[in-house]
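J.: Next comes the structure file upload-v4.tsv, holding TSV, C-alpha atoms.
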```tsv
chain	number	residue	atom	x	y	z
H	1	MET	CA	-175.55	-32.95	92.32
H	2	LYS	CA	-172.23	-34.44	91.36
H	3	GLY	CA	-169.11	-33.27	93.18
H	4	THR	CA	-170.70	-30.49	95.24
H	5	THR	CA	-171.24	-32.27	98.51
H	6	PRO	CA	-168.70	-33.79	100.88
H	7	GLY	CA	-168.29	-37.47	100.27
H	8	GLY	CA	-168.55	-37.16	96.47
H	9	ASP	CA	-165.38	-36.88	94.39
H	10	ARG	CA	-162.10	-37.99	95.85
H	11	TYR	CA	-158.74	-36.29	95.47
H	12	LEU	CA	-155.13	-37.36	95.55
H	13	SER	CA	-151.79	-35.76	94.91
H	14	PRO	CA	-148.86	-38.06	94.29
H	15	ALA	CA	-145.84	-36.29	95.80
H	16	ASP	CA	-143.49	-37.28	92.97
H	17	THR	CA	-145.37	-35.12	90.48
H	18	ARG	CA	-144.05	-31.87	91.89
H	19	VAL	CA	-141.11	-30.02	93.45
H	20	VAL	CA	-141.84	-27.32	96.02
H	21	ALA	CA	-139.75	-24.37	97.20
H	22	THR	CA	-141.21	-22.46	100.12
H	23	TRP	CA	-140.55	-18.74	100.52
H	24	GLY	CA	-142.14	-17.74	103.81
H	25	ALA	CA	-145.87	-17.46	103.16
H	26	GLU	CA	-145.64	-18.43	99.48
H	27	SER	CA	-144.40	-21.43	97.57
H	28	SER	CA	-143.12	-21.99	94.07
H	29	VAL	CA	-144.26	-25.34	92.75
H	30	TYR	CA	-142.79	-27.05	89.72
H	31	CYS	CA	-145.19	-29.51	88.10
H	32	ARG	CA	-143.35	-32.44	86.54
H	33	ARG	CA	-146.39	-33.35	84.46
H	34	THR	CA	-146.71	-30.04	82.63
H	35	GLY	CA	-143.32	-28.36	83.12
H	36	ASP	CA	-145.16	-25.33	84.49
H	37	THR	CA	-144.16	-23.41	87.61
H	38	HIS	CA	-146.85	-21.97	89.89
H	39	LEU	CA	-146.70	-19.53	92.76
H	40	LEU	CA	-149.10	-20.61	95.52
H	41	SER	CA	-150.17	-18.61	98.53
H	42	ILE	CA	-150.13	-20.22	101.95
H	43	LEU	CA	-153.55	-21.89	101.96
H	44	PRO	CA	-153.37	-23.77	98.63
H	45	ALA	CA	-149.75	-24.66	99.39
H	46	GLU	CA	-150.83	-26.10	102.74
H	47	LEU	CA	-153.68	-27.94	101.03
H	48	LEU	CA	-151.32	-29.42	98.47
H	49	ALA	CA	-148.85	-30.49	101.16
H	50	MET	CA	-151.61	-32.05	103.23
H	51	LEU	CA	-153.23	-34.08	100.47
H	52	PRO	CA	-152.39	-37.75	100.87
H	53	PRO	CA	-151.20	-39.84	97.93
H	54	GLU	CA	-154.22	-42.11	98.28
H	55	PRO	CA	-157.70	-40.96	97.17
H	56	THR	CA	-159.40	-38.94	99.89
H	57	ASP	CA	-162.91	-37.51	99.96
H	58	LEU	CA	-163.69	-33.83	100.25
H	59	GLU	CA	-165.18	-34.11	103.72
H	60	THR	CA	-162.00	-35.61	105.13
H	61	ILE	CA	-159.83	-33.03	103.38
H	62	THR	CA	-162.03	-30.18	104.55
H	63	THR	CA	-161.97	-31.40	108.13
H	64	ARG	CA	-158.20	-31.86	108.17
H	65	MET	CA	-157.63	-28.43	106.69
H	66	ALA	CA	-160.03	-26.86	109.19
H	67	ARG	CA	-158.12	-28.48	112.03
H	68	SER	CA	-154.81	-27.36	110.58
H	69	CYS	CA	-156.02	-23.79	110.16
H	70	ALA	CA	-158.09	-23.66	113.39
H	71	GLN	CA	-161.24	-23.02	111.39
H	72	PRO	CA	-164.77	-24.31	111.95
H	73	VAL	CA	-166.12	-26.51	109.16
H	74	THR	CA	-168.79	-24.34	107.61
H	75	PRO	CA	-170.40	-24.49	104.16
H	76	GLU	CA	-168.31	-21.47	103.20
H	77	TRP	CA	-165.12	-23.20	104.32
H	78	THR	CA	-166.03	-26.32	102.40
H	79	ALA	CA	-166.78	-24.29	99.28
H	80	ARG	CA	-163.45	-22.50	99.61
H	81	ILE	CA	-161.50	-25.74	99.90
H	82	ARG	CA	-163.48	-27.19	97.02
H	83	SER	CA	-162.64	-24.16	94.87
H	84	MET	CA	-158.95	-24.46	95.68
H	85	LEU	CA	-158.98	-28.15	94.85
H	86	ASP	CA	-160.63	-27.39	91.51
H	87	GLU	CA	-157.86	-24.93	90.73
H	88	LEU	CA	-155.15	-27.41	91.73
H	89	VAL	CA	-156.82	-30.03	89.53
H	90	ARG	CA	-156.83	-27.55	86.65
H	91	LEU	CA	-153.09	-27.02	87.17
H	92	GLU	CA	-152.62	-30.81	87.15
H	93	LEU	CA	-151.09	-30.73	90.61
H	94	VAL	CA	-154.00	-32.75	91.99
H	95	ASP	CA	-156.01	-35.63	90.52
H	96	ARG	CA	-159.77	-35.90	90.95
H	97	LEU	CA	-161.39	-39.30	90.93
H	98	PRO	CA	-165.09	-39.01	90.12
H	99	GLU	CA	-167.55	-40.54	92.54
A	100	MET	CA	-101.37	-17.17	72.61
A	101	THR	CA	-103.63	-14.13	72.76
A	102	LEU	CA	-105.70	-12.85	69.90
A	103	THR	CA	-103.43	-9.82	69.62
A	104	GLU	CA	-100.31	-11.99	69.53
A	105	LEU	CA	-101.87	-14.27	66.96
A	106	MET	CA	-102.78	-11.42	64.68
A	107	HIS	CA	-99.37	-9.81	64.91
A	108	ALA	CA	-97.33	-13.00	64.83
A	109	GLN	CA	-98.31	-13.88	61.30
A	110	ASP	CA	-99.80	-12.51	58.19
A	111	ARG	CA	-103.32	-11.48	59.12
A	112	ARG	CA	-104.54	-12.97	55.90
A	113	GLY	CA	-103.77	-16.31	57.49
A	114	CYS	CA	-106.61	-15.63	59.91
A	115	VAL	CA	-108.87	-14.96	56.97
A	116	GLY	CA	-108.41	-18.08	54.95
A	117	ASP	CA	-108.74	-20.91	57.42
A	118	GLY	CA	-110.39	-18.96	60.17
A	119	LEU	CA	-109.34	-18.54	63.77
A	120	PHE	CA	-110.39	-19.83	67.14
A	121	TYR	CA	-110.80	-17.58	70.15
A	122	ARG	CA	-112.18	-17.87	73.65
A	123	SER	CA	-115.19	-15.97	74.91
A	124	GLY	CA	-115.96	-17.01	78.47
A	125	PRO	CA	-116.59	-20.76	78.51
A	126	PHE	CA	-116.96	-20.93	74.74
A	127	ILE	CA	-114.50	-21.44	71.90
A	128	ILE	CA	-115.58	-19.59	68.79
A	129	ALA	CA	-114.44	-20.67	65.34
A	130	LEU	CA	-114.64	-17.55	63.18
A	131	ARG	CA	-114.17	-17.18	59.47
A	132	THR	CA	-114.20	-13.73	57.94
A	133	ARG	CA	-112.59	-11.91	55.06
A	134	LEU	CA	-113.51	-8.52	56.51
A	135	ALA	CA	-110.37	-6.76	57.69
A	136	ASP	CA	-112.26	-4.08	59.61
A	137	THR	CA	-114.14	-6.74	61.57
A	138	LEU	CA	-110.86	-8.47	62.45
A	139	ASP	CA	-109.42	-5.13	63.56
A	140	LEU	CA	-112.37	-4.52	65.89
A	141	LEU	CA	-112.25	-8.09	67.15
A	142	GLU	CA	-108.65	-7.55	68.16
A	143	GLN	CA	-109.40	-4.19	69.78
A	144	PHE	CA	-112.14	-5.67	71.95
A	145	TYR	CA	-110.86	-9.19	72.60
A	146	GLY	CA	-107.09	-8.83	72.12
A	147	PRO	CA	-106.13	-10.37	75.51
A	148	CYS	CA	-108.28	-13.47	74.96
A	149	TRP	CA	-106.84	-16.87	74.09
A	150	ALA	CA	-106.74	-17.53	70.37
A	151	SER	CA	-105.29	-20.05	67.96
A	152	ARG	CA	-105.21	-20.97	64.30
A	153	ASP	CA	-104.82	-24.63	65.12
A	154	PRO	CA	-108.11	-26.47	64.91
A	155	ALA	CA	-109.79	-26.65	68.29
A	156	VAL	CA	-113.10	-28.04	69.42
A	157	ALA	CA	-115.39	-25.07	68.87
A	158	HIS	CA	-118.77	-24.53	70.49
A	159	PHE	CA	-119.84	-22.22	67.69
A	160	GLN	CA	-118.72	-22.18	64.04
A	161	VAL	CA	-119.57	-18.73	62.79
A	162	GLU	CA	-118.83	-16.69	59.72
A	163	VAL	CA	-119.39	-13.06	58.85
A	164	ASN	CA	-118.68	-11.92	55.33
A	165	SER	CA	-119.93	-9.78	52.50
A	166	ALA	CA	-123.06	-11.08	50.87
A	167	SER	CA	-122.73	-12.78	47.55
A	168	GLY	CA	-125.24	-12.58	44.74
A	169	LEU	CA	-126.59	-9.70	42.71
A	170	ARG	CA	-127.42	-7.48	45.67
A	171	ARG	CA	-123.75	-6.92	46.38
A	172	TRP	CA	-123.47	-4.85	43.20
A	173	TRP	CA	-125.81	-2.06	44.26
A	174	ARG	CA	-125.60	-2.27	48.02
A	175	THR	CA	-122.90	-4.18	49.85
A	176	GLN	CA	-124.18	-6.26	52.70
A	177	ALA	CA	-122.83	-8.44	55.47
A	178	VAL	CA	-124.19	-11.87	56.30
A	179	PHE	CA	-123.81	-13.98	59.44
A	180	ALA	CA	-123.73	-17.77	59.36
A	181	LEU	CA	-123.84	-20.33	62.15
A	182	ASP	CA	-122.78	-23.80	61.04
A	183	GLY	CA	-123.27	-22.66	57.46
A	184	LEU	CA	-126.86	-21.51	57.99
A	185	HIS	CA	-127.96	-17.88	57.79
A	186	PRO	CA	-130.43	-17.15	60.59
A	187	PHE	CA	-130.75	-13.43	59.81
A	188	GLU	CA	-131.39	-11.20	56.86
A	189	PRO	CA	-128.23	-9.42	55.65
A	190	PHE	CA	-127.10	-6.25	57.41
A	191	PRO	CA	-125.50	-3.26	55.75
A	192	ARG	CA	-121.85	-4.09	55.12
A	193	GLU	CA	-120.64	-1.40	57.55
A	194	HIS	CA	-122.57	-3.13	60.37
A	195	ALA	CA	-120.59	-6.36	60.07
A	196	PHE	CA	-119.07	-6.16	63.56
A	197	PRO	CA	-122.35	-5.58	65.43
A	198	LEU	CA	-123.84	-8.33	63.27
A	199	LEU	CA	-121.11	-10.70	64.44
A	200	GLU	CA	-121.72	-9.76	68.07
A	201	TRP	CA	-125.50	-10.13	67.82
A	202	GLY	CA	-125.12	-13.33	65.88
A	203	LEU	CA	-122.95	-14.78	68.62
A	204	ASN	CA	-125.44	-13.68	71.26
A	205	TRP	CA	-128.19	-15.39	69.29
A	206	SER	CA	-126.07	-18.52	68.94
A	207	ILE	CA	-125.45	-18.64	72.68
A	208	ALA	CA	-129.07	-17.91	73.58
A	209	THR	CA	-130.37	-20.67	71.35
A	210	ARG	CA	-127.76	-23.34	72.08
A	211	ALA	CA	-125.93	-22.95	75.37
A	212	HIS	CA	-128.44	-24.92	77.42
A	213	LEU	CA	-125.75	-26.39	79.60
A	214	TYR	CA	-126.42	-23.23	81.64
A	215	LEU	CA	-129.45	-21.50	83.01
A	216	MET	CA	-129.23	-18.29	81.01
A	217	LEU	CA	-130.51	-15.11	82.60
A	218	HIS	CA	-130.93	-11.91	80.69
A	219	ALA	CA	-128.68	-10.13	83.12
A	220	GLY	CA	-125.54	-8.18	83.73
A	221	ALA	CA	-123.18	-9.80	86.23
A	222	LEU	CA	-120.26	-8.40	88.20
A	223	GLU	CA	-117.93	-9.79	90.84
A	224	ARG	CA	-116.06	-8.37	93.80
A	225	ASN	CA	-114.11	-10.38	96.35
A	226	GLY	CA	-115.38	-13.60	94.87
A	227	GLN	CA	-119.05	-12.68	95.24
A	228	ALA	CA	-121.29	-11.74	92.38
A	229	LEU	CA	-124.06	-9.23	91.75
A	230	LEU	CA	-126.67	-10.06	89.14
A	231	LEU	CA	-128.55	-7.29	87.31
A	232	PRO	CA	-131.44	-8.99	85.53
A	233	ALA	CA	-133.55	-6.83	83.23
A	234	MET	CA	-135.14	-6.76	79.85
A	235	PRO	CA	-133.60	-4.68	77.02
A	236	GLY	CA	-133.83	-0.95	77.56
A	237	ALA	CA	-133.85	-1.09	81.36
A	238	GLY	CA	-130.28	0.19	81.63
A	239	LYS	CA	-128.52	-2.97	82.76
A	240	SER	CA	-125.71	-2.68	80.20
A	241	THR	CA	-125.07	0.94	81.12
A	242	LEU	CA	-125.02	0.14	84.84
A	243	SER	CA	-122.87	-2.95	84.24
A	244	ALA	CA	-120.41	-0.86	82.23
A	245	ALA	CA	-120.20	1.78	84.95
A	246	LEU	CA	-119.68	-0.78	87.73
A	247	ALA	CA	-117.06	-2.63	85.66
A	248	TYR	CA	-114.90	0.49	85.75
A	249	ARG	CA	-115.64	1.22	89.43
A	250	GLY	CA	-114.04	-1.70	91.22
A	251	TRP	CA	-116.17	-4.60	90.02
A	252	ARG	CA	-115.06	-7.34	87.62
A	253	LEU	CA	-117.37	-7.62	84.65
A	254	LEU	CA	-118.67	-11.16	84.30
A	255	ALA	CA	-121.25	-10.34	81.67
A	256	ASP	CA	-123.43	-7.52	80.45
A	257	GLU	CA	-126.06	-9.66	78.71
A	258	PHE	CA	-125.88	-13.31	79.78
A	259	GLY	CA	-125.90	-14.36	83.40
A	260	LEU	CA	-124.78	-17.97	82.88
A	261	ILE	CA	-125.67	-20.05	85.92
A	262	ARG	CA	-123.98	-23.44	86.17
A	263	PRO	CA	-126.54	-25.94	87.52
A	264	ALA	CA	-123.92	-28.18	89.14
A	265	ASP	CA	-122.78	-25.62	91.71
A	266	GLY	CA	-124.86	-22.48	91.14
A	267	ALA	CA	-121.81	-20.44	90.10
A	268	ILE	CA	-121.96	-17.62	87.58
A	269	VAL	CA	-119.72	-18.42	84.62
A	270	PRO	CA	-118.19	-15.30	83.08
A	271	LEU	CA	-118.90	-14.26	79.54
A	272	PRO	CA	-117.32	-10.80	79.26
A	273	ARG	CA	-118.12	-9.38	75.84
A	274	ALA	CA	-117.88	-5.98	74.24
A	275	ILE	CA	-120.75	-4.02	75.82
A	276	PRO	CA	-123.12	-2.70	73.15
A	277	LEU	CA	-124.29	0.71	74.29
A	278	LYS	CA	-127.32	2.05	72.53
A	279	ASN	CA	-128.55	5.55	71.73
A	280	ARG	CA	-128.58	7.77	74.85
A	281	SER	CA	-126.25	5.41	76.72
A	282	ILE	CA	-123.39	6.24	74.36
A	283	PRO	CA	-122.88	9.88	75.42
A	284	VAL	CA	-123.67	8.96	79.04
A	285	ILE	CA	-120.84	6.41	79.19
A	286	ARG	CA	-118.52	8.55	77.09
A	287	GLU	CA	-118.84	11.26	79.74
A	288	PHE	CA	-118.84	8.87	82.71
A	289	LEU	CA	-115.84	6.83	81.53
A	290	PRO	CA	-113.77	9.21	79.41
A	291	ASP	CA	-110.70	6.93	79.51
A	292	ALA	CA	-112.44	3.69	78.54
A	293	PHE	CA	-112.18	2.48	74.95
A	294	LEU	CA	-115.38	3.01	73.05
A	295	GLY	CA	-115.44	1.73	69.49
A	296	PRO	CA	-117.01	3.39	66.46
A	297	VAL	CA	-120.66	4.38	66.53
A	298	PHE	CA	-122.72	2.26	64.15
A	299	PRO	CA	-125.63	4.53	63.25
A	300	LYS	CA	-129.17	3.43	62.52
A	301	THR	CA	-128.81	-0.25	63.26
A	302	ARG	CA	-131.96	-2.23	64.00
A	303	LYS	CA	-131.49	-1.22	67.63
A	304	GLY	CA	-130.64	2.41	66.92
A	305	ASP	CA	-127.16	3.84	67.23
A	306	VAL	CA	-124.75	1.34	68.79
A	307	ALA	CA	-121.19	1.68	70.10
A	308	HIS	CA	-119.25	-1.04	71.90
A	309	LEU	CA	-117.37	-0.53	75.14
A	310	ARG	CA	-114.28	-2.66	75.70
A	311	PRO	CA	-114.44	-4.69	78.92
A	312	PRO	CA	-111.69	-3.85	81.42
A	313	LEU	CA	-108.55	-5.93	80.96
A	314	PRO	CA	-108.89	-7.94	84.22
A	315	SER	CA	-112.36	-9.07	83.13
A	316	LEU	CA	-110.93	-10.61	79.97
A	317	GLU	CA	-107.84	-12.02	81.67
A	318	ARG	CA	-109.98	-13.76	84.31
A	319	GLN	CA	-112.80	-14.85	82.02
A	320	THR	CA	-112.54	-18.48	83.09
A	321	GLU	CA	-112.93	-17.71	86.81
A	322	PRO	CA	-116.53	-18.17	87.99
A	323	ALA	CA	-118.05	-16.46	91.01
A	324	GLN	CA	-120.75	-17.28	93.52
A	325	PRO	CA	-123.89	-15.14	93.29
A	326	ARG	CA	-124.77	-13.15	96.38
A	327	TRP	CA	-127.02	-10.29	95.31
A	328	ILE	CA	-129.77	-9.94	92.72
A	329	THR	CA	-130.84	-6.42	91.81
A	330	PHE	CA	-133.43	-5.71	89.14
A	331	PRO	CA	-132.41	-2.31	87.71
A	332	ARG	CA	-134.57	0.18	85.86
A	333	PHE	CA	-133.29	3.44	84.47
A	334	VAL	CA	-135.65	6.35	85.16
A	335	PRO	CA	-134.58	9.56	83.39
A	336	GLY	CA	-134.17	12.47	85.78
A	337	LEU	CA	-134.39	10.42	88.97
A	338	ARG	CA	-131.68	11.93	91.13
A	339	ARG	CA	-132.04	9.79	94.23
A	340	PRO	CA	-132.07	6.08	93.43
A	341	GLN	CA	-134.87	4.00	94.90
A	342	LEU	CA	-133.88	0.65	96.32
A	343	LYS	CA	-136.37	-1.88	97.67
A	344	ARG	CA	-135.78	-5.31	99.11
A	345	LEU	CA	-137.85	-7.89	97.26
A	346	GLU	CA	-139.56	-10.93	98.66
A	347	LYS	CA	-137.77	-14.01	97.43
A	348	SER	CA	-140.97	-15.38	95.95
A	349	LEU	CA	-141.19	-12.30	93.75
A	350	GLY	CA	-137.48	-12.48	92.90
A	351	PHE	CA	-137.92	-16.10	91.85
A	352	THR	CA	-140.94	-15.33	89.69
A	353	ARG	CA	-139.25	-12.39	87.97
A	354	LEU	CA	-136.12	-14.42	87.26
A	355	ALA	CA	-138.12	-17.32	85.84
A	356	GLN	CA	-139.73	-14.85	83.43
A	357	ASN	CA	-136.38	-13.24	82.66
A	358	ALA	CA	-134.43	-16.39	81.81
A	359	PHE	CA	-133.85	-17.35	78.18
A	360	ASN	CA	-134.23	-21.07	78.76
A	361	TYR	CA	-135.90	-21.62	82.16
A	362	ARG	CA	-138.77	-23.65	80.76
A	363	LEU	CA	-136.57	-25.57	78.37
A	364	LEU	CA	-134.38	-26.81	81.27
A	365	GLY	CA	-137.41	-28.19	83.08
A	366	GLU	CA	-136.80	-29.33	86.65
A	367	ASP	CA	-133.07	-28.50	86.43
A	368	GLY	CA	-134.06	-24.92	85.68
A	369	PHE	CA	-136.36	-24.84	88.69
A	370	THR	CA	-133.84	-26.29	91.15
A	371	THR	CA	-131.05	-24.06	89.80
A	372	LEU	CA	-133.20	-20.97	90.15
A	373	VAL	CA	-134.37	-21.94	93.64
A	374	ARG	CA	-130.77	-22.34	94.74
A	375	LEU	CA	-129.83	-19.00	93.21
A	376	VAL	CA	-132.61	-17.11	94.95
A	377	ARG	CA	-131.99	-18.86	98.29
A	378	GLU	CA	-128.33	-17.80	98.19
A	379	CYS	CA	-128.97	-14.18	97.23
A	380	ALA	CA	-130.55	-11.06	98.66
A	381	CYS	CA	-133.06	-9.63	96.16
A	382	PHE	CA	-133.65	-5.94	95.42
A	383	SER	CA	-135.22	-3.67	92.85
A	384	LEU	CA	-133.38	-0.50	91.92
A	385	GLU	CA	-134.64	2.54	90.05
A	386	TYR	CA	-131.90	4.95	89.11
A	387	GLY	CA	-131.30	8.00	87.00
A	388	ASP	CA	-127.76	8.82	88.05
A	389	LEU	CA	-124.89	6.36	87.74
A	390	ASP	CA	-122.79	7.70	90.63
A	391	ALA	CA	-125.73	7.54	93.01
A	392	ALA	CA	-126.66	4.04	91.87
A	393	ILE	CA	-123.08	2.80	92.31
A	394	ALA	CA	-122.93	4.29	95.80
A	395	LEU	CA	-126.18	2.57	96.77
A	396	ILE	CA	-124.99	-0.76	95.40
A	397	ALA	CA	-121.79	-0.33	97.41
A	398	GLU	CA	-123.91	0.02	100.55
A	399	ILE	CA	-125.94	-3.12	100.05
A	400	THR	CA	-122.88	-5.16	99.12
A	401	ALA	CA	-120.66	-3.78	101.85
A	402	ASP	CA	-120.80	-6.97	103.90
A	403	ALA	CA	-118.80	-8.86	101.27
A	404	PRO	CA	-115.50	-10.14	102.65
A	405	GLY	CA	-112.50	-8.41	101.29
```
Translate this file's structure into structure tokens.
T.:
Amino acid sequence: MKGTTPGGDRYLSPADTRVVATWGAESSVYCRRTGDTHLLSILPAELLAMLPPEPTDLETITTRMARSCAQPVTPEWTARIRSMLDELVRLELVDRLPE
Amino acid sequence: MTLTELMHAQDRRGCVGDGLFYRSGPFIIALRTRLADTLDLLEQFYGPCWASRDPAVAHFQVEVNSASGLRRWWRTQAVFALDGLHPFEPFPREHAFPLLEWGLNWSIATRAHLYLMLHAGALERNGQALLLPAMPGAGKSTLSAALAYRGWRLLADEFGLIRPADGAIVPLPRAIPLKNRSIPVIREFLPDAFLGPVFPKTRKGDVAHLRPPLPSLERQTEPAQPRWITFPRFVPGLRRPQLKRLEKSLGFTRLAQNAFNYRLLGEDGFTTLVRLVRECACFSLEYGDLDAAIALIAEITADAPG
């Protein structure tokens, strides 16, 4: 099934597409592509900051985020990261490269 | 030369024919009008402001006059023009002055994109400024008016103009349009302040304009650095004001929604707003009593040097 298992789609987030202001646990993010401003809570903000500019697969992203957040990599964790990535893609803050 | 000096130094009809130029905050207004009552009110509210009949570079070319055409024969009307275009339907002739004021506000809101424009009152004390952002009807003009006569310099009652280059608030002290229940409230609270005629049944209800204090007009080219942001809301009957410190993330979000031109300015709007929020403490304030609200604001701003 496309894009639902680690190792499928890859993600990247070029840093020059956004400007970030961090307010404690939340961040305001200005998207240069759309002109929209988004308020992100700590986990999606951390995910966005951690995404490398080169395409990276979901398994790598999930593992890095788990390490950063001291979380075990479980199916639930992977689904949560995947859901956040989908939302960031929808906001055009992240690009998804199909498998 | 001040507007008062200009009007008294020569035949006032001279101001009618070729128009006059006067300063309002950072803007030079070129005004043409044949309406003597409007000129009288202009002088009463903006008399100390710089003015000239010599052509100057104007930011806004405006005109307010009686309507022409057949309608003038059965009901006299006033029309506002910006650069020769009429953005509004005519108003009743007796509402010419509020029409001029609203027309200028509209002109600024739609064109002055050199600034990040907040829908906010703004006041200064000891070089530091308090912003009161709120939507219409929240009581920001009433609170701004009260503070302006209680030791604060009025920077603006409607437009918080933020200069992107340095984050300063640029003053735009205008006649404060009080509406409906605010008129008797301010009349009682500030019995010595000059309140102009009541214009009944305008599109915003009854309106009367309060003259800004003289120092506000005399110092209208002196900007101030923002230090506090307080979102006010008038709650009838609330005796003890409620003040809450706001998370900066919430303050930022509310200001982005409040600004006239945040989205239009793009990244400059974002960086200007981020700087503003970083430099200010953010609060929300619910009040029903002006004295109590002023006392509470004095407490939270007490650390200002002075």
J.: What's around Pro125 in chain A at 12 Å? Count all atoms listed in the file, leave out sequence neighbours fewer than 3 positions away in its own chain, and write the answer as a PDB file with C-alpha atoms, in the frame of the given file.
T.:
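Below you can see part_34.pdb, which holds the result:
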```
ATOM      1  CA  TYR A 121    -110.800 -17.580  70.150  1.00  0.00           C
ATOM      2  CA  ARG A 122    -112.180 -17.870  73.650  1.00  0.00           C
ATOM      3  CA  ILE A 128    -115.580 -19.590  68.790  1.00  0.00           C
ATOM      4  CA  CYS A 148    -108.280 -13.470  74.960  1.00  0.00           C
ATOM      5  CA  TRP A 149    -106.840 -16.870  74.090  1.00  0.00           C
ATOM      6  CA  ALA A 157    -115.390 -25.070  68.870  1.00  0.00           C
ATOM      7  CA  HIS A 158    -118.770 -24.530  70.490  1.00  0.00           C
ATOM      8  CA  PHE A 159    -119.840 -22.220  67.690  1.00  0.00           C
ATOM      9  CA  ILE A 207    -125.450 -18.640  72.680  1.00  0.00           C
ATOM     10  CA  ALA A 211    -125.930 -22.950  75.370  1.00  0.00           C
ATOM     11  CA  LEU A 213    -125.750 -26.390  79.600  1.00  0.00           C
ATOM     12  CA  TYR A 214    -126.420 -23.230  81.640  1.00  0.00           C
ATOM     13  CA  LEU A 254    -118.670 -11.160  84.300  1.00  0.00           C
ATOM     14  CA  ALA A 255    -121.250 -10.340  81.670  1.00  0.00           C
ATOM     15  CA  PHE A 258    -125.880 -13.310  79.780  1.00  0.00           C
ATOM     16  CA  LEU A 260    -124.780 -17.970  82.880  1.00  0.00           C
ATOM     17  CA  ILE A 261    -125.670 -20.050  85.920  1.00  0.00           C
ATOM     18  CA  ARG A 262    -123.980 -23.440  86.170  1.00  0.00           C
ATOM     19  CA  ILE A 268    -121.960 -17.620  87.580  1.00  0.00           C
ATOM     20  CA  VAL A 269    -119.720 -18.420  84.620  1.00  0.00           C
ATOM     21  CA  PRO A 270    -118.190 -15.300  83.080  1.00  0.00           C
ATOM     22  CA  LEU A 271    -118.900 -14.260  79.540  1.00  0.00           C
ATOM     23  CA  PRO A 272    -117.320 -10.800  79.260  1.00  0.00           C
ATOM     24  CA  ARG A 273    -118.120  -9.380  75.840  1.00  0.00           C
ATOM     25  CA  LEU A 316    -110.930 -10.610  79.970  1.00  0.00           C
ATOM     26  CA  ARG A 318    -109.980 -13.760  84.310  1.00  0.00           C
ATOM     27  CA  GLN A 319    -112.800 -14.850  82.020  1.00  0.00           C
ATOM     28  CA  THR A 320    -112.540 -18.480  83.090  1.00  0.00           C
ATOM     29  CA  GLU A 321    -112.930 -17.710  86.810  1.00  0.00           C
ATOM     30  CA  PRO A 322    -116.530 -18.170  87.990  1.00  0.00           C
TER      31      PRO A 322
END
```
J.: Between CA of Gly304 in chain A and CA of Val163 in chain A, what distance in Å does the model show, to one decimal?
T.: 20.8 Å
J.: In Å, how far is it from CA of Leu309 in chain A to CA of Thr241 in chain A?
T.: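 Pair CA of Leu309 in chain A / CA of Thr241 in chain A returns 9.9 Å.
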J.: Distance cut-off 9 Å, counting only C-alpha atoms - which residues of chain H neighbour chain A? Return them as a list in words.
T.: Val19, Ala21, Thr22, Trp23, Gly24, Ala25, Glu26, Ser27, Ser28, Val29, Tyr30, Cys31, Arg32, Gly35, Asp36, Thr37, His38 and Leu39 of chain H
J.: Please produce a file of the residues just selected, as a CSV table (one decimal), in the frame of the given file, where the atoms kept are C-alpha atoms.
T.:
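The new file result-v8.csv reads:
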```
chain,number,residue,atom,x,y,z
H,19,VAL,CA,-141.1,-30.0,93.4
H,21,ALA,CA,-139.8,-24.4,97.2
H,22,THR,CA,-141.2,-22.5,100.1
H,23,TRP,CA,-140.6,-18.7,100.5
H,24,GLY,CA,-142.1,-17.7,103.8
H,25,ALA,CA,-145.9,-17.5,103.2
H,26,GLU,CA,-145.6,-18.4,99.5
H,27,SER,CA,-144.4,-21.4,97.6
H,28,SER,CA,-143.1,-22.0,94.1
H,29,VAL,CA,-144.3,-25.3,92.8
H,30,TYR,CA,-142.8,-27.0,89.7
H,31,CYS,CA,-145.2,-29.5,88.1
H,32,ARG,CA,-143.4,-32.4,86.5
H,35,GLY,CA,-143.3,-28.4,83.1
H,36,ASP,CA,-145.2,-25.3,84.5
H,37,THR,CA,-144.2,-23.4,87.6
H,38,HIS,CA,-146.8,-22.0,89.9
H,39,LEU,CA,-146.7,-19.5,92.8
```
J.: To one decimal in Å, tell me the separation between CA of Cys69 in chain H and CA of Arg33 in chain H.
T.: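 Separating CA of Cys69 in chain H from CA of Arg33 in chain H is a distance of 29.1 Å.
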J.: Tell me, as a list in words, which residues lie within 7 Å of range 228-233 of chain A, counting all atoms listed in the file; anything in the same chain fewer than 5 positions away does not count.
T.: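 So the residues in contact are Leu217, His218, Ala219, Gly220, Ala221, Leu222, Glu223, Lys239, Ala323, Gln324, Pro325, Arg326, Trp327, Ile328, Thr329, Phe330 and Pro331 of chain A.
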J.: Closest to Arg192 in chain A among A:Thr301, A:Asn225, A:Gln143, A:Ser151, using only C-alpha atoms?
T.: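 Closest to Arg192 in chain A of all the choices is A:Thr301.
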J.: Given all atoms listed in the file as the basis, pick out the residue of H:Ala15, H:Val20, H:Leu40, H:Leu51 nearest to Arg96 in chain H.
T.: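 For Arg96 in chain H, the nearest of the candidates is H:Leu51.
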J.: Please determine, counting only C-alpha atoms, which residue among H:Val94, H:Met50, H:Leu43, H:Leu58 has the shortest atom-to-atom distance to Arg10 in chain H.
T.: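 Counting only C-alpha atoms, the residue closest to Arg10 in chain H is H:Leu58.
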J.: Give me the residues within 10 Å of Leu47 in chain H as a ChimeraX atom specification, counting only C-alpha atoms and dropping any in the same chain fewer than 2 places off.
T.: /H:42-45,49-52,61-62,64-65,68,81,84-85,88
J.: Nearest to Arg252 in chain A: which of A:Glu188, A:Glu317, A:Asp390, A:Asp265 is it, counting all atoms listed in the file?
T.: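 Counting all atoms listed in the file, the residue closest to Arg252 in chain A is A:Glu317.
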